[in-house]
Amino acid sequence: MQRIVVAAKPGAEQPWVADAGAELAQQTGASVTVVSADGLDVEALSTVPRDVPEAAARAAADAAAARVREKGVPVTAEVLPGLPVRAILLYAEEVDADVIVCGTTSRGAVASRLLGNVPLELVHRSRRPVLLIGAPPSE
C-alpha cells in the first residue's frame, strides 16, 4: 500500500476517520492525503460564492490533516472543487490511491434517501477499496 486518501466532511468533526487513516499509514508505510470537497457543482447556480464552502472544506481538511500529523504520519491536505463523490473518486484515480477512508453517515434513512449518502455512493461507484469508519460508541 502506497497511497491513502482520507475524506474529510466539511462542517463535521470526525477525528476517528483521521485516526484510522493514520493507523493504516503507520502499519503500511503509505502516504496520506486528506481531501475535502467544497460541494459546489456550478458556482453560477450557487446562492453563495465558492470561497464560503471552500473555507469550510479547507477547515475540515486541515483539521483532519493535523490529527494525522499528531500521530507522526506525514500528510498533505487538499480542497477539491465539486460535489463530494465525484471529486473524491476523480482525485483517488488521479493519484492512484490504494484505499479511500471515509466516515459513515450520521443521517437517518429518510434523510439519506432524500439528500444522498456520500459514503454509500463512494462504496457503490468506486473502483478502489473504500474503508468506512463509524463513530466510536459514546462513553
# chains A, B, ... in the order shown; residues from 1 in each chain; ligands from 1
$ select_by_dssp --residues "range 19-93 of chain A" --states "strand (DSSP E or B)" --output "PyMOL selection string"
chain A and resi 31-37+75-80
$ atom_distance --atom1 "CA of Arg69 in chain A" --atom2 "CA of Gln14 in chain A"
15.2 Å
$ closest_atom_pairs --of "range 21-97 of chain A" --to "range 121-133 of chain A" --cutoff "9 Å" --atoms "only C-alpha atoms" --output "Markdown table"
| residue | atom | partner | partner_atom | distance |
| --- | --- | --- | --- | --- |
| A:Val85 | CA | A:Leu122 | CA | 6.0 |
| A:Arg86 | CA | A:Leu122 | CA | 8.6 |
| A:Ile88 | CA | A:Leu122 | CA | 8.3 |
| A:Leu89 | CA | A:Ser126 | CA | 6.4 |
| A:Ala92 | CA | A:Arg128 | CA | 8.0 |
| A:Glu93 | CA | A:Arg128 | CA | 8.2 |
| A:Asp96 | CA | A:Arg128 | CA | 8.9 |
| A:Ala97 | CA | A:Arg128 | CA | 7.5 |
$ write_last_selection --atoms "N, CA and C atoms" --output "compact mmCIF listing (two decimals), in the first residue's frame"
# COMPACT_ATOMS: atom_id res chain seq x y z
N VAL A 85 -18.71 13.08 -3.99
CA VAL A 85 -18.45 11.74 -4.51
C VAL A 85 -17.59 11.81 -5.77
N ARG A 86 -18.01 12.61 -6.72
CA ARG A 86 -17.27 12.73 -7.98
C ARG A 86 -15.86 13.26 -7.74
N ILE A 88 -13.96 13.19 -4.99
CA ILE A 88 -13.11 12.23 -4.27
C ILE A 88 -12.70 11.08 -5.19
N LEU A 89 -13.65 10.56 -5.96
CA LEU A 89 -13.33 9.45 -6.86
C LEU A 89 -12.34 9.88 -7.95
N ALA A 92 -8.92 10.21 -6.28
CA ALA A 92 -8.35 8.89 -5.97
C ALA A 92 -7.79 8.22 -7.22
N GLU A 93 -8.49 8.37 -8.34
CA GLU A 93 -7.99 7.81 -9.61
C GLU A 93 -6.72 8.54 -10.05
N ASP A 96 -3.83 7.47 -8.01
CA ASP A 96 -3.71 6.02 -7.93
C ASP A 96 -3.75 5.54 -6.47
N ALA A 97 -4.76 6.00 -5.75
CA ALA A 97 -4.91 5.66 -4.33
C ALA A 97 -5.17 4.17 -4.16
$ residues_around --residues "range 21-31 of chain A" --least-positions-apart "5" --cutoff "12 Å" --atoms "only C-alpha atoms" --output "PDB file with N, CA and C atoms, in the first residue's frame"
ATOM      1  N   MET A   1       0.848  -1.175   0.000  1.00  0.00           N
ATOM      2  CA  MET A   1       0.000   0.000   0.000  1.00  0.00           C
ATOM      3  C   MET A   1       0.891   1.234   0.000  1.00  0.00           C
ATOM      4  N   GLN A   2       0.568   2.172  -0.908  1.00  0.00           N
ATOM      5  CA  GLN A   2       1.402   3.364  -1.029  1.00  0.00           C
ATOM      6  C   GLN A   2       0.652   4.665  -0.784  1.00  0.00           C
ATOM      7  N   ARG A   3      -0.639   4.717  -1.173  1.00  0.00           N
ATOM      8  CA  ARG A   3      -1.388   5.973  -1.062  1.00  0.00           C
ATOM      9  C   ARG A   3      -2.746   5.757  -0.407  1.00  0.00           C
ATOM     10  N   ILE A   4      -2.988   6.560   0.629  1.00  0.00           N
ATOM     11  CA  ILE A   4      -4.274   6.531   1.326  1.00  0.00           C
ATOM     12  C   ILE A   4      -4.918   7.904   1.163  1.00  0.00           C
ATOM     13  N   VAL A   5      -6.163   7.918   0.741  1.00  0.00           N
ATOM     14  CA  VAL A   5      -6.932   9.157   0.654  1.00  0.00           C
ATOM     15  C   VAL A   5      -7.961   9.122   1.786  1.00  0.00           C
ATOM     16  N   VAL A   6      -7.911  10.127   2.643  1.00  0.00           N
ATOM     17  CA  VAL A   6      -8.860  10.251   3.741  1.00  0.00           C
ATOM     18  C   VAL A   6      -9.833  11.368   3.389  1.00  0.00           C
ATOM     19  N   ALA A   7     -11.116  11.053   3.349  1.00  0.00           N
ATOM     20  CA  ALA A   7     -12.147  12.041   3.011  1.00  0.00           C
ATOM     21  C   ALA A   7     -12.642  12.721   4.284  1.00  0.00           C
ATOM     22  N   ALA A   8     -12.523  14.047   4.319  1.00  0.00           N
ATOM     23  CA  ALA A   8     -12.982  14.834   5.467  1.00  0.00           C
ATOM     24  C   ALA A   8     -14.256  15.571   5.088  1.00  0.00           C
ATOM     25  N   GLN A  14     -14.931  14.480  12.681  1.00  0.00           N
ATOM     26  CA  GLN A  14     -14.859  13.018  12.682  1.00  0.00           C
ATOM     27  C   GLN A  14     -13.402  12.604  12.916  1.00  0.00           C
ATOM     28  N   PRO A  15     -12.881  12.838  14.122  1.00  0.00           N
ATOM     29  CA  PRO A  15     -11.474  12.536  14.380  1.00  0.00           C
ATOM     30  C   PRO A  15     -11.134  11.057  14.211  1.00  0.00           C
ATOM     31  N   TRP A  16     -12.104  10.181  14.418  1.00  0.00           N
ATOM     32  CA  TRP A  16     -11.862   8.749  14.287  1.00  0.00           C
ATOM     33  C   TRP A  16     -11.510   8.370  12.846  1.00  0.00           C
ATOM     34  N   ALA A  64      -8.345  17.496   9.937  1.00  0.00           N
ATOM     35  CA  ALA A  64      -8.054  16.066   9.828  1.00  0.00           C
ATOM     36  C   ALA A  64      -6.571  15.828   9.588  1.00  0.00           C
ATOM     37  N   ALA A  65      -5.955  16.673   8.758  1.00  0.00           N
ATOM     38  CA  ALA A  65      -4.514  16.527   8.488  1.00  0.00           C
ATOM     39  C   ALA A  65      -3.702  16.760   9.766  1.00  0.00           C
ATOM     40  N   ALA A  66      -4.111  17.733  10.571  1.00  0.00           N
ATOM     41  CA  ALA A  66      -3.415  17.993  11.836  1.00  0.00           C
ATOM     42  C   ALA A  66      -3.515  16.783  12.757  1.00  0.00           C
ATOM     43  N   ARG A  67      -4.666  16.149  12.764  1.00  0.00           N
ATOM     44  CA  ARG A  67      -4.870  14.952  13.598  1.00  0.00           C
ATOM     45  C   ARG A  67      -3.954  13.815  13.138  1.00  0.00           C
ATOM     46  N   VAL A  68      -3.844  13.623  11.823  1.00  0.00           N
ATOM     47  CA  VAL A  68      -2.950  12.593  11.275  1.00  0.00           C
ATOM     48  C   VAL A  68      -1.502  12.934  11.613  1.00  0.00           C
ATOM     49  N   ARG A  69      -1.143  14.198  11.468  1.00  0.00           N
ATOM     50  CA  ARG A  69       0.226  14.655  11.742  1.00  0.00           C
ATOM     51  C   ARG A  69       0.595  14.423  13.208  1.00  0.00           C
ATOM     52  N   GLU A  70      -0.384  14.589  14.128  1.00  0.00           N
ATOM     53  CA  GLU A  70      -0.149  14.344  15.553  1.00  0.00           C
ATOM     54  C   GLU A  70       0.285  12.909  15.817  1.00  0.00           C
ATOM     55  N   LYS A  71      -0.121  12.005  14.941  1.00  0.00           N
ATOM     56  CA  LYS A  71       0.231  10.587  15.085  1.00  0.00           C
ATOM     57  C   LYS A  71       1.606  10.292  14.481  1.00  0.00           C
ATOM     58  N   GLY A  72       2.283  11.337  13.983  1.00  0.00           N
ATOM     59  CA  GLY A  72       3.615  11.164  13.426  1.00  0.00           C
ATOM     60  C   GLY A  72       3.626  10.709  11.976  1.00  0.00           C
ATOM     61  N   VAL A  73       2.526  10.880  11.288  1.00  0.00           N
ATOM     62  CA  VAL A  73       2.417  10.444   9.896  1.00  0.00           C
ATOM     63  C   VAL A  73       2.475  11.664   8.981  1.00  0.00           C
ATOM     64  N   PRO A  74       3.363  11.669   7.988  1.00  0.00           N
ATOM     65  CA  PRO A  74       3.391  12.781   7.034  1.00  0.00           C
ATOM     66  C   PRO A  74       2.075  12.820   6.249  1.00  0.00           C
ATOM     67  N   VAL A  75       1.537  14.011   6.059  1.00  0.00           N
ATOM     68  CA  VAL A  75       0.229  14.140   5.439  1.00  0.00           C
ATOM     69  C   VAL A  75       0.153  15.449   4.664  1.00  0.00           C
ATOM     70  N   THR A  76      -0.658  15.448   3.616  1.00  0.00           N
ATOM     71  CA  THR A  76      -0.977  16.677   2.901  1.00  0.00           C
ATOM     72  C   THR A  76      -2.492  16.833   2.920  1.00  0.00           C
ATOM     73  N   ALA A  77      -2.952  18.067   2.740  1.00  0.00           N
ATOM     74  CA  ALA A  77      -4.386  18.350   2.721  1.00  0.00           C
ATOM     75  C   ALA A  77      -4.733  19.043   1.408  1.00  0.00           C
ATOM     76  N   VAL A  95      -4.428  10.093  -8.332  1.00  0.00           N
ATOM     77  CA  VAL A  95      -3.219   9.789  -7.549  1.00  0.00           C
ATOM     78  C   VAL A  95      -2.976   8.293  -7.394  1.00  0.00           C
ATOM     79  N   ASP A  96      -3.827   7.474  -8.007  1.00  0.00           N
ATOM     80  CA  ASP A  96      -3.711   6.018  -7.926  1.00  0.00           C
ATOM     81  C   ASP A  96      -3.749   5.541  -6.470  1.00  0.00           C
ATOM     82  N   ALA A  97      -4.764   6.005  -5.746  1.00  0.00           N
ATOM     83  CA  ALA A  97      -4.910   5.656  -4.329  1.00  0.00           C
ATOM     84  C   ALA A  97      -5.170   4.165  -4.160  1.00  0.00           C
ATOM     85  N   ASP A  98      -4.632   3.616  -3.095  1.00  0.00           N
ATOM     86  CA  ASP A  98      -4.859   2.206  -2.780  1.00  0.00           C
ATOM     87  C   ASP A  98      -6.152   2.008  -2.005  1.00  0.00           C
ATOM     88  N   VAL A  99      -6.566   3.034  -1.256  1.00  0.00           N
ATOM     89  CA  VAL A  99      -7.796   2.945  -0.468  1.00  0.00           C
ATOM     90  C   VAL A  99      -8.302   4.358  -0.179  1.00  0.00           C
ATOM     91  N   ILE A 100      -9.622   4.465  -0.054  1.00  0.00           N
ATOM     92  CA  ILE A 100     -10.263   5.709   0.367  1.00  0.00           C
ATOM     93  C   ILE A 100     -10.849   5.445   1.749  1.00  0.00           C
ATOM     94  N   VAL A 101     -10.504   6.275   2.719  1.00  0.00           N
ATOM     95  CA  VAL A 101     -11.021   6.141   4.078  1.00  0.00           C
ATOM     96  C   VAL A 101     -12.060   7.239   4.283  1.00  0.00           C
ATOM     97  N   CYS A 102     -13.242   6.838   4.739  1.00  0.00           N
ATOM     98  CA  CYS A 102     -14.360   7.779   4.850  1.00  0.00           C
ATOM     99  C   CYS A 102     -15.179   7.439   6.093  1.00  0.00           C
ATOM    100  N   GLY A 103     -15.765   8.449   6.706  1.00  0.00           N
ATOM    101  CA  GLY A 103     -16.658   8.226   7.839  1.00  0.00           C
ATOM    102  C   GLY A 103     -18.034   7.801   7.373  1.00  0.00           C
ATOM    103  N   VAL A 130     -12.949   1.086  -0.463  1.00  0.00           N
ATOM    104  CA  VAL A 130     -13.390   2.173   0.409  1.00  0.00           C
ATOM    105  C   VAL A 130     -13.542   1.589   1.810  1.00  0.00           C
ATOM    106  N   LEU A 131     -12.861   2.188   2.754  1.00  0.00           N
ATOM    107  CA  LEU A 131     -12.920   1.758   4.153  1.00  0.00           C
ATOM    108  C   LEU A 131     -13.805   2.748   4.901  1.00  0.00           C
ATOM    109  N   LEU A 132     -14.987   2.283   5.346  1.00  0.00           N
ATOM    110  CA  LEU A 132     -15.899   3.140   6.099  1.00  0.00           C
ATOM    111  C   LEU A 132     -15.648   2.974   7.587  1.00  0.00           C
ATOM    112  N   ILE A 133     -15.524   4.114   8.267  1.00  0.00           N
ATOM    113  CA  ILE A 133     -15.235   4.112   9.679  1.00  0.00           C
ATOM    114  C   ILE A 133     -16.392   4.777  10.422  1.00  0.00           C
TER     115      ILE A 133
END
$ atom_distance --atom1 "CA of Pro49 in chain A" --atom2 "CA of Val35 in chain A"
20.2 Å
$ residues_around --residues "Ala59 in chain A" --least-positions-apart "5" --cutoff "12 Å" --atoms "only C-alpha atoms" --output "tab-separated table (two decimals) with N, CA and C atoms, in the first residue's frame"
chain	number	residue	atom	x	y	z
A	8	ALA	N	-12.52	14.05	4.32
A	8	ALA	CA	-12.98	14.83	5.47
A	8	ALA	C	-14.26	15.57	5.09
A	9	LYS	N	-15.27	15.45	5.92
A	9	LYS	CA	-16.56	16.08	5.65
A	9	LYS	C	-16.58	17.50	6.20
A	10	PRO	N	-16.81	18.50	5.34
A	10	PRO	CA	-16.88	19.88	5.83
A	10	PRO	C	-17.98	20.04	6.87
A	11	GLY	N	-17.67	20.76	7.93
A	11	GLY	CA	-18.66	21.03	8.96
A	11	GLY	C	-18.89	19.91	9.96
A	12	ALA	N	-18.16	18.82	9.83
A	12	ALA	CA	-18.35	17.69	10.76
A	12	ALA	C	-17.00	17.31	11.36
A	13	GLU	N	-16.99	17.13	12.65
A	13	GLU	CA	-15.78	16.64	13.30
A	13	GLU	C	-15.85	15.13	13.37
A	34	VAL	N	-5.37	14.04	2.93
A	34	VAL	CA	-6.72	14.31	3.39
A	34	VAL	C	-7.36	15.22	2.35
A	35	VAL	N	-8.55	14.85	1.88
A	35	VAL	CA	-9.27	15.66	0.90
A	35	VAL	C	-10.64	16.04	1.44
A	36	SER	N	-11.10	17.20	1.01
A	36	SER	CA	-12.44	17.65	1.36
A	36	SER	C	-12.97	18.42	0.16
A	37	ALA	N	-14.19	18.11	-0.24
A	37	ALA	CA	-14.80	18.76	-1.41
A	37	ALA	C	-15.66	19.94	-0.97
A	38	ASP	N	-15.65	20.99	-1.79
A	38	ASP	CA	-16.44	22.18	-1.43
A	38	ASP	C	-17.93	22.00	-1.68
A	51	ASP	N	-15.92	30.70	-2.31
A	51	ASP	CA	-14.99	30.78	-1.19
A	51	ASP	C	-15.62	30.43	0.16
A	52	VAL	N	-16.95	30.51	0.27
A	52	VAL	CA	-17.61	30.15	1.53
A	52	VAL	C	-17.55	28.64	1.77
A	53	PRO	N	-18.07	27.80	0.86
A	53	PRO	CA	-17.94	26.36	1.09
A	53	PRO	C	-16.49	25.88	0.99
A	54	GLU	N	-15.70	26.59	0.22
A	54	GLU	CA	-14.28	26.23	0.11
A	54	GLU	C	-13.57	26.41	1.45
A	64	ALA	N	-8.34	17.50	9.94
A	64	ALA	CA	-8.05	16.07	9.83
A	64	ALA	C	-6.57	15.83	9.59
A	65	ALA	N	-5.96	16.67	8.76
A	65	ALA	CA	-4.51	16.53	8.49
A	65	ALA	C	-3.70	16.76	9.77
A	66	ALA	N	-4.11	17.73	10.57
A	66	ALA	CA	-3.41	17.99	11.84
A	66	ALA	C	-3.51	16.78	12.76
A	77	ALA	N	-2.95	18.07	2.74
A	77	ALA	CA	-4.39	18.35	2.72
A	77	ALA	C	-4.73	19.04	1.41
A	78	GLU	N	-5.84	18.62	0.80
A	78	GLU	CA	-6.29	19.18	-0.47
A	78	GLU	C	-7.77	19.54	-0.38
A	79	VAL	N	-8.14	20.66	-0.97
A	79	VAL	CA	-9.54	21.02	-1.12
A	79	VAL	C	-9.90	20.78	-2.58
$ atom_distance --atom1 "CA of Ala60 in chain A" --atom2 "CA of Val32 in chain A"
15.1 Å
$ select_by_dssp --residues "range 17-132 of chain A" --states "alpha helix (DSSP H)" --output "PyMOL selection string"
chain A and resi 17-28+51-70+84-94+109-115+118-125
